[in-house]
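Source file: upload.cif. Holds: mmCIF, C-alpha atoms.
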data_target
loop_
_atom_site.label_atom_id
_atom_site.label_comp_id
_atom_site.auth_asym_id
_atom_site.auth_seq_id
_atom_site.Cartn_x
_atom_site.Cartn_y
_atom_site.Cartn_z
CA MET Y 1 13.73 -40.71 9.81
CA THR Y 2 16.29 -43.45 9.13
CA ILE Y 3 18.03 -44.16 5.85
CA LYS Y 4 15.83 -47.22 5.36
CA GLU Y 5 12.67 -45.17 5.95
CA ALA Y 6 13.89 -42.47 3.55
CA LEU Y 7 14.46 -45.06 0.83
CA GLU Y 8 10.95 -46.39 1.38
CA GLU Y 9 9.52 -42.87 1.18
CA ILE Y 10 11.30 -42.05 -2.07
CA SER Y 11 10.32 -45.43 -3.54
CA LYS Y 12 6.64 -44.49 -3.19
CA LEU Y 13 7.21 -41.88 -5.91
CA SER Y 14 9.92 -43.69 -7.83
CA SER Y 15 11.57 -47.09 -8.15
CA PRO Y 16 13.85 -48.67 -5.49
CA LYS Y 17 16.80 -48.23 -7.86
CA GLU Y 18 16.08 -44.54 -8.38
CA ALA Y 19 15.50 -44.12 -4.64
CA THR Y 20 19.01 -45.44 -4.01
CA ILE Y 21 20.48 -43.08 -6.61
CA LEU Y 22 18.66 -40.07 -5.17
CA LEU Y 23 19.50 -40.76 -1.53
CA SER Y 24 23.12 -41.42 -2.46
CA HIS Y 25 23.04 -38.02 -4.15
CA ILE Y 26 21.64 -36.31 -1.04
CA LEU Y 27 24.17 -37.92 1.29
CA ASN Y 28 27.06 -37.87 -1.21
CA CYS Y 29 27.74 -41.54 -0.54
CA ASP Y 30 27.71 -44.88 -2.35
CA THR Y 31 25.15 -47.69 -2.26
CA ILE Y 32 27.19 -49.78 0.19
CA TYR Y 33 27.03 -46.97 2.75
CA LEU Y 34 23.23 -46.96 2.53
CA ILE Y 35 23.06 -50.73 3.06
CA LEU Y 36 25.45 -50.73 6.01
CA ASN Y 37 23.80 -47.74 7.67
CA GLU Y 38 20.10 -48.27 6.98
CA LYS Y 39 19.19 -47.65 10.64
CA LYS Y 40 21.14 -44.38 10.84
CA GLU Y 41 19.09 -41.22 11.42
CA LEU Y 42 19.05 -38.71 8.56
CA LYS Y 43 20.08 -35.11 9.15
CA LYS Y 44 19.48 -33.71 5.64
CA LEU Y 45 15.68 -33.86 5.78
CA LYS Y 46 15.27 -30.50 4.00
CA LYS Y 47 17.06 -31.86 0.92
CA LEU Y 48 14.95 -34.99 1.09
CA ASP Y 49 11.76 -32.90 1.16
CA GLU Y 50 12.96 -30.91 -1.87
CA ILE Y 51 13.54 -34.12 -3.84
CA LEU Y 52 10.15 -35.54 -2.86
CA ILE Y 53 8.51 -32.36 -4.17
CA LYS Y 54 10.40 -32.65 -7.48
CA LEU Y 55 9.38 -36.30 -7.82
CA LYS Y 56 5.73 -35.34 -7.28
CA GLN Y 57 6.22 -32.86 -10.14
CA ASN Y 58 7.48 -35.72 -12.36
CA THR Y 59 10.96 -34.25 -12.59
CA PRO Y 60 13.37 -36.82 -14.12
CA ILE Y 61 16.05 -37.93 -11.66
CA GLU Y 62 18.78 -36.81 -14.08
CA TYR Y 63 17.62 -33.21 -13.63
CA ILE Y 64 17.50 -33.67 -9.85
CA THR Y 65 21.04 -35.07 -9.59
CA ASN Y 66 22.39 -33.09 -12.58
CA LYS Y 67 24.08 -36.30 -13.70
CA VAL Y 68 23.57 -38.65 -16.63
CA SER Y 69 25.53 -41.72 -17.70
CA PHE Y 70 26.27 -41.98 -21.39
CA TYR Y 71 28.85 -43.94 -23.38
CA SER Y 72 30.45 -45.16 -20.11
CA GLN Y 73 30.99 -41.57 -18.98
CA GLU Y 74 29.19 -39.31 -16.52
CA PHE Y 75 27.95 -35.98 -17.90
CA PHE Y 76 26.44 -32.90 -16.32
CA ILE Y 77 22.81 -32.34 -17.33
CA GLY Y 78 20.28 -29.60 -16.61
CA GLU Y 79 16.78 -28.71 -17.73
CA GLY Y 80 18.13 -26.61 -20.60
CA ALA Y 81 19.20 -29.71 -22.56
CA LEU Y 82 17.62 -32.99 -23.59
CA ILE Y 83 18.49 -35.98 -21.40
CA PRO Y 84 20.69 -38.31 -23.52
CA ARG Y 85 19.11 -41.63 -24.47
CA PRO Y 86 21.03 -44.93 -24.77
CA GLU Y 87 20.09 -45.30 -28.45
CA THR Y 88 22.10 -42.18 -29.28
CA GLU Y 89 25.23 -44.20 -28.47
CA ILE Y 90 24.49 -46.13 -31.68
CA LEU Y 91 24.46 -42.85 -33.62
CA ILE Y 92 27.95 -42.12 -32.31
CA ASP Y 93 29.14 -45.62 -33.23
CA GLU Y 94 27.97 -45.04 -36.81
CA VAL Y 95 29.81 -41.72 -37.01
CA LEU Y 96 33.01 -43.32 -35.69
CA LYS Y 97 32.81 -46.01 -38.39
CA VAL Y 98 32.46 -43.42 -41.15
CA ALA Y 99 35.12 -41.12 -39.69
CA LYS Y 100 37.73 -43.86 -40.21
CA ASN Y 101 37.54 -43.00 -43.94
CA PHE Y 102 39.19 -39.64 -43.26
CA GLU Y 103 42.64 -38.83 -41.92
CA THR Y 104 41.43 -35.57 -40.33
CA PRO Y 105 37.62 -35.74 -40.41
CA ARG Y 106 35.75 -32.43 -40.40
CA ILE Y 107 32.57 -33.00 -38.40
CA ALA Y 108 29.64 -30.67 -37.74
CA GLU Y 109 26.92 -31.43 -35.21
CA ILE Y 110 23.60 -29.64 -35.63
CA GLY Y 111 22.02 -29.26 -32.19
CA ILE Y 112 24.78 -29.91 -29.65
CA GLY Y 113 22.42 -30.07 -26.64
CA SER Y 114 24.37 -31.27 -23.61
CA GLY Y 115 27.44 -31.86 -25.79
CA ILE Y 116 27.53 -35.63 -25.47
CA ILE Y 117 27.87 -36.44 -29.19
CA SER Y 118 30.58 -33.93 -30.07
CA ILE Y 119 32.51 -34.65 -26.87
CA ILE Y 120 32.57 -38.43 -27.37
CA LEU Y 121 33.61 -37.91 -31.01
CA ALA Y 122 36.40 -35.55 -29.98
CA LEU Y 123 37.64 -38.01 -27.35
CA ASN Y 124 37.68 -40.89 -29.83
CA LEU Y 125 38.94 -38.98 -32.87
CA PRO Y 126 42.03 -37.03 -31.81
CA THR Y 127 42.66 -35.68 -35.35
CA ALA Y 128 39.07 -34.56 -35.99
CA HIS Y 129 37.99 -30.95 -36.44
CA CYS Y 130 34.67 -30.61 -34.62
CA LEU Y 131 32.12 -27.81 -34.82
CA ALA Y 132 28.65 -27.68 -33.29
CA THR Y 133 25.66 -25.35 -33.29
CA ASP Y 134 22.53 -24.92 -31.19
CA ILE Y 135 19.70 -22.39 -31.06
CA SER Y 136 19.54 -22.61 -27.25
CA PHE Y 137 21.85 -20.54 -25.05
CA GLU Y 138 20.96 -22.81 -22.11
CA ALA Y 139 22.01 -25.94 -24.00
CA ILE Y 140 25.28 -24.31 -25.04
CA LYS Y 141 26.02 -23.43 -21.39
CA ILE Y 142 25.52 -27.06 -20.40
CA ALA Y 143 27.62 -28.29 -23.33
CA LYS Y 144 30.46 -25.97 -22.29
CA ILE Y 145 30.38 -27.34 -18.72
CA ASN Y 146 30.82 -30.85 -20.13
CA MET Y 147 33.48 -29.75 -22.62
CA LYS Y 148 35.49 -28.27 -19.75
CA LYS Y 149 35.04 -31.42 -17.67
CA PHE Y 150 36.43 -33.60 -20.47
CA GLU Y 151 39.08 -31.03 -21.45
CA VAL Y 152 37.95 -30.65 -25.07
CA GLU Y 153 37.14 -26.91 -25.02
CA ASN Y 154 39.82 -26.29 -27.62
CA ARG Y 155 38.70 -29.21 -29.80
CA ILE Y 156 35.09 -28.17 -30.44
CA LYS Y 157 33.92 -24.83 -31.85
CA ILE Y 158 30.41 -23.86 -30.75
CA PHE Y 159 28.10 -21.39 -32.49
CA HIS Y 160 24.77 -20.07 -31.27
CA SER Y 161 23.01 -20.67 -34.55
CA SER Y 162 20.15 -22.42 -36.33
CA TYR Y 163 21.35 -25.36 -38.45
CA LEU Y 164 24.72 -24.11 -39.83
CA ASP Y 165 23.71 -20.49 -40.32
CA GLY Y 166 26.73 -18.21 -40.22
CA VAL Y 167 29.16 -21.12 -40.55
CA ALA Y 168 31.19 -20.94 -43.74
CA GLU Y 169 33.25 -24.12 -43.33
CA ASP Y 170 32.86 -27.32 -45.35
CA PHE Y 171 32.45 -30.70 -43.65
CA ASP Y 172 33.03 -34.36 -44.37
CA ILE Y 173 30.31 -35.42 -41.93
CA ILE Y 174 27.21 -33.76 -40.56
CA VAL Y 175 25.71 -35.50 -37.54
CA SER Y 176 22.48 -34.67 -35.74
CA ASN Y 177 19.97 -36.00 -33.26
CA PRO Y 178 17.34 -33.41 -34.19
CA PRO Y 179 13.80 -32.89 -32.90
CA TYR Y 180 11.63 -35.40 -34.76
CA VAL Y 181 8.39 -35.65 -32.77
CA ALA Y 182 5.19 -34.30 -34.35
CA ASN Y 183 3.87 -31.13 -32.69
CA ASN Y 184 0.55 -32.72 -31.72
CA PHE Y 185 2.08 -35.82 -30.15
CA LYS Y 186 1.11 -36.18 -26.48
CA LEU Y 187 4.24 -36.59 -24.39
CA GLU Y 188 4.45 -38.45 -21.09
CA LYS Y 189 4.57 -36.17 -18.04
CA LYS Y 190 8.31 -36.50 -17.37
CA LEU Y 191 9.10 -35.29 -20.88
CA SER Y 192 7.35 -31.99 -20.13
CA HIS Y 193 10.45 -30.96 -18.17
CA GLU Y 194 12.72 -31.38 -21.19
CA PRO Y 195 13.24 -28.53 -23.68
CA GLN Y 196 10.37 -28.71 -26.13
CA ASN Y 197 12.41 -27.27 -29.00
CA ALA Y 198 14.66 -30.33 -28.70
CA LEU Y 199 11.68 -32.70 -29.07
CA PHE Y 200 9.18 -31.29 -31.54
CA GLY Y 201 10.20 -31.26 -35.20
CA GLY Y 202 7.14 -29.69 -36.85
CA GLU Y 203 3.54 -30.49 -37.76
CA ILE Y 204 4.50 -33.88 -39.20
CA GLY Y 205 7.69 -34.30 -37.17
CA ASP Y 206 10.23 -34.83 -39.94
CA GLU Y 207 10.50 -31.23 -41.16
CA ILE Y 208 13.81 -30.50 -39.44
CA LEU Y 209 15.27 -33.80 -40.64
CA LYS Y 210 14.37 -32.86 -44.21
CA ASN Y 211 15.90 -29.40 -43.79
CA ILE Y 212 19.15 -31.01 -42.62
CA ILE Y 213 19.11 -33.32 -45.65
CA ASP Y 214 18.69 -30.28 -47.92
CA LEU Y 215 21.52 -28.52 -46.12
CA SER Y 216 23.82 -31.49 -46.61
CA TYR Y 217 23.25 -31.31 -50.36
CA GLU Y 218 23.79 -27.54 -50.40
CA ARG Y 219 27.06 -27.89 -48.49
CA LYS Y 220 28.17 -30.88 -50.62
CA THR Y 221 28.82 -32.82 -47.41
CA LYS Y 222 30.14 -36.35 -47.95
CA TYR Y 223 28.07 -38.03 -45.20
CA LEU Y 224 24.96 -37.20 -43.22
CA ILE Y 225 24.25 -39.33 -40.15
CA CYS Y 226 21.03 -38.68 -38.24
CA GLU Y 227 18.85 -40.17 -35.58
CA MET Y 228 15.15 -40.31 -36.51
CA GLY Y 229 11.73 -41.43 -35.27
CA TYR Y 230 10.66 -45.06 -35.33
CA ASP Y 231 8.14 -44.40 -38.14
CA GLN Y 232 10.21 -42.12 -40.39
CA LYS Y 233 12.23 -44.58 -42.49
CA GLU Y 234 9.77 -44.61 -45.38
CA LYS Y 235 9.41 -40.83 -45.27
CA ILE Y 236 13.17 -40.37 -45.55
CA GLU Y 237 13.35 -42.89 -48.41
CA ASN Y 238 10.56 -41.08 -50.28
CA TYR Y 239 12.16 -37.67 -49.69
CA LEU Y 240 15.38 -38.92 -51.31
CA LYS Y 241 13.64 -40.83 -54.09
CA ASN Y 242 14.47 -38.39 -56.90
CA ARG Y 243 17.82 -37.20 -55.60
CA ASP Y 244 21.30 -38.40 -56.39
CA TYR Y 245 23.27 -40.11 -53.66
CA GLU Y 246 25.76 -42.93 -53.46
CA LYS Y 247 24.25 -44.93 -50.61
CA LEU Y 248 21.49 -44.82 -47.98
CA ASP Y 249 21.58 -47.16 -44.99
CA PHE Y 250 19.30 -47.33 -41.95
CA TYR Y 251 20.20 -48.69 -38.54
CA LYS Y 252 18.10 -50.06 -35.69
CA ASP Y 253 18.34 -49.59 -31.94
CA LEU Y 254 18.75 -52.44 -29.45
CA ALA Y 255 14.98 -53.04 -29.46
CA GLY Y 256 15.08 -53.62 -33.22
CA ILE Y 257 13.33 -50.32 -33.98
CA ASP Y 258 14.42 -48.14 -36.92
CA ARG Y 259 16.40 -45.36 -35.27
CA GLY Y 260 18.62 -43.55 -37.78
CA PHE Y 261 20.22 -43.34 -41.20
CA ILE Y 262 23.58 -42.89 -42.89
CA LEU Y 263 23.43 -41.00 -46.17
CA LYS Y 264 26.52 -41.03 -48.37
CA LEU Y 265 26.18 -38.29 -50.97
#

This structure in structure tokens:
Amino acid sequence: MTIKEALEEISKLSSPKEATILLSHILNCDTIYLILNEKKELKKLKKLDEILIKLKQNTPIEYITNKVSFYSQEFFIGEGALIPRPETEILIDEVLKVAKNFETPRIAEIGIGSGIISIILALNLPTAHCLATDISFEAIKIAKINMKKFEVENRIKIFHSSYLDGVAEDFDIIVSNPPYVANNFKLEKKLSHEPQNALFGGEIGDEILKNIIDLSYERKTKYLICEMGYDQKEKIENYLKNRDYEKLDFYKDLAGIDRGFILKL
């Protein structure tokens, strides 16, 4: 089988763009090499067969290559952590704006996952004190791989914990991209490979978000910045209706969909 034929074979189960990414991964080469050598015979047919099997199982290509691009950086990713979405970059932008109000911002992330949020914050806020928690050992392992890659192991404390259980520190900012999908929501097949505890947020879907809001009040945190579901703006507004806070703002993603909120307590 030639490189051109392999690309055509992968494209039957994926897109031409993804086929290029996957074959480049197999051969450890760039796109230009594939173009210039499309008639070259492939030797790594076993690896190709393995990838074709994974594609038939609807495995996302990020889990196949163990790579994901986020915030102009390349991160390691595995099936123990949620694949980062582009809209989460907006969440980080909002945190960076708020963090400018503090000389040495104390930031806690609830649910570190692959580590992308805390790592980008640490890289962009050299004076920040960052702490993160997660209930998943697998996610923490993946986060630590990325922390080592970006040399921020000594900048971010990680706790295997639910919410901020066992953490006694106070924070200026709590940030989270929590599970916010309702338990009965039918996911597309590719999402079945992602950790379900990072997707489902309860019977209604906003239960974990509400718990984080409660926690922010208990901890007297100055800001809470969260990603949320497209249909949860009104629910968040109603939940805060009879509570004291200084300001509540919502932000949209690039598609104009409500995607998160900034609560100043």

### Message
Expand the PyMOL selection byres ((chain Y and resi 27) around 10) into the explicit residue set it covers here, and present it as a list in words.
### Response
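With the shown file as input, the PyMOL selection byres ((chain Y and resi 27) around 10) matches Ile3, Leu22, Leu23, Ser24, His25, Ile26, Asn28, Cys29, Asp30, Tyr33, Leu34, Leu42, Lys43, Lys44, Lys47 and Leu48 of chain Y.
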
### Message
Between CA of Asn146 (chain Y) and CA of Ile77 (chain Y), what distance in Å does the model show, to one decimal?
### Response
8.6 Å

Test item: axis-aligned box, all listed atoms of region 250-255 of chain Y, 6 Å on each side, centre and edges in Å rounded to one decimal, as lines of an AutoDock Vina configuration file:
center_x = 17.6
center_y = -50.2
center_z = -35.7
size_x = 17.2
size_y = 17.7
size_z = 24.5

### Message
Selection in question (the file shown): the PyMOL selection byres ((chain Y and resi 239) around 12). Which residues does it include, as a PyMOL selection string?
### Response
chain Y and resi 206-207+209-214+232-238+240-244+248

Give me the result of the PyMOL selection byres ((chain Y and resi 113-123) around 9) on this file, residue by residue, as a PDB file with C-alpha atoms, in the coordinates of the input.
ATOM      1  CA  PHE Y  70      26.270 -41.980 -21.390  1.00  0.00           C
ATOM      2  CA  TYR Y  71      28.850 -43.940 -23.380  1.00  0.00           C
ATOM      3  CA  PHE Y  75      27.950 -35.980 -17.900  1.00  0.00           C
ATOM      4  CA  PHE Y  76      26.440 -32.900 -16.320  1.00  0.00           C
ATOM      5  CA  ILE Y  77      22.810 -32.340 -17.330  1.00  0.00           C
ATOM      6  CA  GLY Y  78      20.280 -29.600 -16.610  1.00  0.00           C
ATOM      7  CA  GLY Y  80      18.130 -26.610 -20.600  1.00  0.00           C
ATOM      8  CA  ALA Y  81      19.200 -29.710 -22.560  1.00  0.00           C
ATOM      9  CA  LEU Y  82      17.620 -32.990 -23.590  1.00  0.00           C
ATOM     10  CA  ILE Y  83      18.490 -35.980 -21.400  1.00  0.00           C
ATOM     11  CA  PRO Y  84      20.690 -38.310 -23.520  1.00  0.00           C
ATOM     12  CA  THR Y  88      22.100 -42.180 -29.280  1.00  0.00           C
ATOM     13  CA  GLU Y  89      25.230 -44.200 -28.470  1.00  0.00           C
ATOM     14  CA  LEU Y  91      24.460 -42.850 -33.620  1.00  0.00           C
ATOM     15  CA  ILE Y  92      27.950 -42.120 -32.310  1.00  0.00           C
ATOM     16  CA  VAL Y  95      29.810 -41.720 -37.010  1.00  0.00           C
ATOM     17  CA  LEU Y  96      33.010 -43.320 -35.690  1.00  0.00           C
ATOM     18  CA  ILE Y 107      32.570 -33.000 -38.400  1.00  0.00           C
ATOM     19  CA  ALA Y 108      29.640 -30.670 -37.740  1.00  0.00           C
ATOM     20  CA  GLU Y 109      26.920 -31.430 -35.210  1.00  0.00           C
ATOM     21  CA  GLY Y 111      22.020 -29.260 -32.190  1.00  0.00           C
ATOM     22  CA  ILE Y 112      24.780 -29.910 -29.650  1.00  0.00           C
ATOM     23  CA  ASN Y 124      37.680 -40.890 -29.830  1.00  0.00           C
ATOM     24  CA  LEU Y 125      38.940 -38.980 -32.870  1.00  0.00           C
ATOM     25  CA  PRO Y 126      42.030 -37.030 -31.810  1.00  0.00           C
ATOM     26  CA  THR Y 127      42.660 -35.680 -35.350  1.00  0.00           C
ATOM     27  CA  ALA Y 128      39.070 -34.560 -35.990  1.00  0.00           C
ATOM     28  CA  HIS Y 129      37.990 -30.950 -36.440  1.00  0.00           C
ATOM     29  CA  CYS Y 130      34.670 -30.610 -34.620  1.00  0.00           C
ATOM     30  CA  LEU Y 131      32.120 -27.810 -34.820  1.00  0.00           C
ATOM     31  CA  ALA Y 132      28.650 -27.680 -33.290  1.00  0.00           C
ATOM     32  CA  THR Y 133      25.660 -25.350 -33.290  1.00  0.00           C
ATOM     33  CA  ASP Y 134      22.530 -24.920 -31.190  1.00  0.00           C
ATOM     34  CA  SER Y 136      19.540 -22.610 -27.250  1.00  0.00           C
ATOM     35  CA  GLU Y 138      20.960 -22.810 -22.110  1.00  0.00           C
ATOM     36  CA  ALA Y 139      22.010 -25.940 -24.000  1.00  0.00           C
ATOM     37  CA  ILE Y 140      25.280 -24.310 -25.040  1.00  0.00           C
ATOM     38  CA  LYS Y 141      26.020 -23.430 -21.390  1.00  0.00           C
ATOM     39  CA  ILE Y 142      25.520 -27.060 -20.400  1.00  0.00           C
ATOM     40  CA  ALA Y 143      27.620 -28.290 -23.330  1.00  0.00           C
ATOM     41  CA  LYS Y 144      30.460 -25.970 -22.290  1.00  0.00           C
ATOM     42  CA  ILE Y 145      30.380 -27.340 -18.720  1.00  0.00           C
ATOM     43  CA  ASN Y 146      30.820 -30.850 -20.130  1.00  0.00           C
ATOM     44  CA  MET Y 147      33.480 -29.750 -22.620  1.00  0.00           C
ATOM     45  CA  PHE Y 150      36.430 -33.600 -20.470  1.00  0.00           C
ATOM     46  CA  VAL Y 152      37.950 -30.650 -25.070  1.00  0.00           C
ATOM     47  CA  ARG Y 155      38.700 -29.210 -29.800  1.00  0.00           C
ATOM     48  CA  ILE Y 156      35.090 -28.170 -30.440  1.00  0.00           C
ATOM     49  CA  VAL Y 175      25.710 -35.500 -37.540  1.00  0.00           C
ATOM     50  CA  SER Y 176      22.480 -34.670 -35.740  1.00  0.00           C
ATOM     51  CA  ASN Y 177      19.970 -36.000 -33.260  1.00  0.00           C
ATOM     52  CA  ALA Y 198      14.660 -30.330 -28.700  1.00  0.00           C
TER      53      ALA Y 198
END

### Task
Fewer than 3 positions away in the same chain doesn't count, so skip those; otherwise give me all residues within 9 Å of Leu199 (chain Y), counting all atoms listed in the file, as a list in words.
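Listed by chain and then number, they are Leu82, Pro178, Pro179, Tyr180, Val181, Ala182, Asn183, Leu191, Glu194, Pro195 and Gln196 of chain Y.
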
### Task
Have a look at Y:Tyr245, Y:Phe261, Y:Tyr217, Y:Tyr223 and name the one nearest to Ile173 (chain Y); count all atoms listed in the file.
Y:Tyr223

Can you list, as a CSV table (one decimal) with C-alpha atoms, keeping the file's coordinate frame, every protein, DNA or RNA residue that comes within 8 Å of Tyr63 (chain Y) when you count all atoms listed in the file, leaving out same-chain residues fewer than 2 positions away?
chain,number,residue,atom,x,y,z
Y,59,THR,CA,11.0,-34.2,-12.6
Y,60,PRO,CA,13.4,-36.8,-14.1
Y,61,ILE,CA,16.0,-37.9,-11.7
Y,65,THR,CA,21.0,-35.1,-9.6
Y,66,ASN,CA,22.4,-33.1,-12.6
Y,67,LYS,CA,24.1,-36.3,-13.7
Y,77,ILE,CA,22.8,-32.3,-17.3
Y,78,GLY,CA,20.3,-29.6,-16.6
Y,79,GLU,CA,16.8,-28.7,-17.7

### Message
I'd like to know which of Y:Leu187, Y:Gly201, Y:Asp172, Y:His160 is closest to Glu103 (chain Y), using only C-alpha atoms.
### Response
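Of Y:Leu187, Y:Gly201, Y:Asp172, Y:His160, the one nearest Glu103 (chain Y), counting only C-alpha atoms, is Y:Asp172.
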
### Interatomic distance (Å, one decimal) between CA of Tyr230 (chain Y) and CA of Asn197 (chain Y)
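Those two atoms sit 19.0 Å apart.
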
#### Entry: Straight-line distance linking CA of Ser14 (chain Y) with CA of Asn58 (chain Y), stated in Å to one decimal
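So the two atoms, CA of Ser14 (chain Y) and CA of Asn58 (chain Y), lie 9.5 Å apart.
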
### Thr221 (chain Y) surroundings by only C-alpha atoms, 9 Å radius, close-in-sequence under 3 positions cut, as a PyMOL selection string
chain Y and resi 170-174+215-218+224+264-265

### Query
Looking at Y:Ile204, Y:Ile225, Y:Ile90, Y:Ile32, which one is nearest to Ala255 (chain Y), with distances taken over only C-alpha atoms?
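Smallest separation from Ala255 (chain Y) among the options: Y:Ile90.
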
All residues 9 Å or closer to Asp249 (chain Y), all atoms listed in the file, same chain fewer than 2 positions away omitted, as an mmCIF file with C-alpha atoms, keeping the file's coordinate frame:
data_model
loop_
_atom_site.group_PDB
_atom_site.id
_atom_site.type_symbol
_atom_site.label_atom_id
_atom_site.label_comp_id
_atom_site.auth_asym_id
_atom_site.auth_seq_id
_atom_site.Cartn_x
_atom_site.Cartn_y
_atom_site.Cartn_z
ATOM 1 C CA LYS Y 247 24.250 -44.930 -50.610
ATOM 2 C CA TYR Y 251 20.200 -48.690 -38.540
ATOM 3 C CA GLY Y 260 18.620 -43.550 -37.780
ATOM 4 C CA PHE Y 261 20.220 -43.340 -41.200
ATOM 5 C CA ILE Y 262 23.580 -42.890 -42.890
ATOM 6 C CA LEU Y 263 23.430 -41.000 -46.170
ATOM 7 C CA LYS Y 264 26.520 -41.030 -48.370
#

Please write a file for region 181-229 of chain Y, taken from the block I just shared, that holds C-alpha atoms and is laid out as a tab-separated table (two decimals), in the first residue's frame.
chain	number	residue	atom	x	y	z
Y	181	VAL	CA	-24.53	17.89	30.75
Y	182	ALA	CA	-27.76	16.34	32.04
Y	183	ASN	CA	-27.45	12.63	32.89
Y	184	ASN	CA	-30.10	11.57	30.37
Y	185	PHE	CA	-28.62	13.52	27.46
Y	186	LYS	CA	-27.72	11.25	24.55
Y	187	LEU	CA	-24.11	11.84	23.57
Y	188	GLU	CA	-22.66	11.35	20.10
Y	189	LYS	CA	-20.62	8.16	19.71
Y	190	LYS	CA	-17.17	9.79	19.88
Y	191	LEU	CA	-18.00	11.32	23.26
Y	192	SER	CA	-18.48	7.84	24.70
Y	193	HIS	CA	-14.69	7.53	24.83
Y	194	GLU	CA	-14.33	10.59	27.05
Y	195	PRO	CA	-14.56	10.30	30.86
Y	196	GLN	CA	-18.24	10.42	31.71
Y	197	ASN	CA	-17.64	12.03	35.11
Y	198	ALA	CA	-16.17	15.01	33.24
Y	199	LEU	CA	-19.34	15.39	31.13
Y	200	PHE	CA	-22.41	14.63	33.21
Y	201	GLY	CA	-23.34	17.15	35.90
Y	202	GLY	CA	-26.45	15.55	37.43
Y	203	GLU	CA	-30.11	14.88	36.66
Y	204	ILE	CA	-30.65	18.44	35.42
Y	205	GLY	CA	-27.03	19.10	34.48
Y	206	ASP	CA	-26.33	22.24	36.52
Y	207	GLU	CA	-26.02	20.61	39.96
Y	208	ILE	CA	-22.22	20.74	40.08
Y	209	LEU	CA	-22.21	24.34	38.86
Y	210	LYS	CA	-24.55	25.27	41.70
Y	211	ASN	CA	-22.38	23.43	44.22
Y	212	ILE	CA	-19.35	25.42	43.03
Y	213	ILE	CA	-21.32	28.66	43.40
Y	214	ASP	CA	-22.21	27.67	46.98
Y	215	LEU	CA	-18.58	26.82	47.67
Y	216	SER	CA	-17.44	30.22	46.40
Y	217	TYR	CA	-19.74	31.92	48.90
Y	218	GLU	CA	-18.58	29.65	51.72
Y	219	ARG	CA	-14.92	30.38	50.94
Y	220	LYS	CA	-15.60	34.12	50.48
Y	221	THR	CA	-13.85	33.95	47.11
Y	222	LYS	CA	-13.67	37.27	45.26
Y	223	TYR	CA	-14.39	35.88	41.76
Y	224	LEU	CA	-15.90	32.72	40.34
Y	225	ILE	CA	-15.40	32.10	36.62
Y	226	CYS	CA	-17.07	29.05	35.08
Y	227	GLU	CA	-17.90	27.52	31.76
Y	228	MET	CA	-21.53	26.37	31.45
Y	229	GLY	CA	-24.03	24.79	29.06
